[in-house]
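Trainee: My questions will all concern the structure given below.
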Amino acid sequence: KISLQTSLCSCAFCVVAMAMAVGRRGFVHFRASASRLLVPGASTPRHATAPIFWQPAPTLAAAARPYITVVKYQREDVLAKLDDFRAEVFSTNWADYLNLVYNVPFWESELDKLTSIVQPYLHEPEVGAKFGEVQELMDVLYQC
C-alpha cells in the first residue's frame, strides 16, 4: 500500500505517474485514496488543472494568414539556384539506389525552399519556364 504522504493528487498525470511506479495492485489503492486527498483548507485536489501540454491549443482566427517573409532573393540568384538544382538532380546516377536514398530527402527540402523563393518571379516567362522544368524533372525522378 502507498502512504498518503508519498501520494499525489487525483489528476490524470499524477495517477498515471504513480501507476507506473507502483504497479497494478498498488494503483487501485492509490486511486481510491488519492481521490480523497485535498490541500488543507481547499476543496479541490492539489493539481486541479491539467498540465499545459494536455490543454487544447488556442484557436486561430478564421481568416487565412498571408505568406510573409523577409528573405529577399534577386532574380539572378533565383535563376542561379534553379540552374544549380536542376544540374545536380539531372547529372546524378538515377540507377544508383543508395545515392537516391541519401540525396532525395535533401533535394525535396531544397525544392521546397526553391518553391518559396521563386514565387515573386513566377510571372516572368524565363523563371516560370525553368521552374516548370525543375518540377517536371522531379516528377520524372519520382516515376523512375
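Each chain in the C-alpha cells gets a letter, A, B, ..., in the order shown, and its residues are numbered from 1; ligands are numbered from 1 in order too.
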List the neighbours of Leu111 (chain A) out to 10 Å using only C-alpha atoms; skip same-chain residues closer than 2 positions along the sequence, and give me the result as a PyMOL selection string.

Mentor: chain A and resi 82+85-86+105-109+113-117+131+134-135+138

Trainee: CA of Glu110 (chain A) and CA of Tyr142 (chain A), how far apart in Å?

Mentor: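 For CA of Tyr142 (chain A) relative to CA of Glu110 (chain A), the distance reads 15.5 Å.
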
Trainee: For Val89 (chain A), which residue among A:Ala129, A:Arg75, A:Val104, A:Gln119 is the nearest when counting only C-alpha atoms?

Mentor: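 Nearest candidate to Val89 (chain A) out of A:Ala129, A:Arg75, A:Val104, A:Gln119: A:Val104.
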
Trainee: Mind the document's chain letters and residue numbers, and return as a count of residues only the residues of region 67-101 of chain A that DSSP labels helix (DSSP H, G or I).

Mentor: 22

Trainee: Between CA of Val78 (chain A) and CA of Tyr121 (chain A), what is the spacing in Å?

Mentor: 8.5 Å

Trainee: Using only C-alpha atoms, which residue out of A:Val127, A:Leu137, A:Val101, A:Leu122 lies closest to Glu88 (chain A)?

Mentor: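 For Glu88 (chain A), the nearest of the candidates is A:Leu137.
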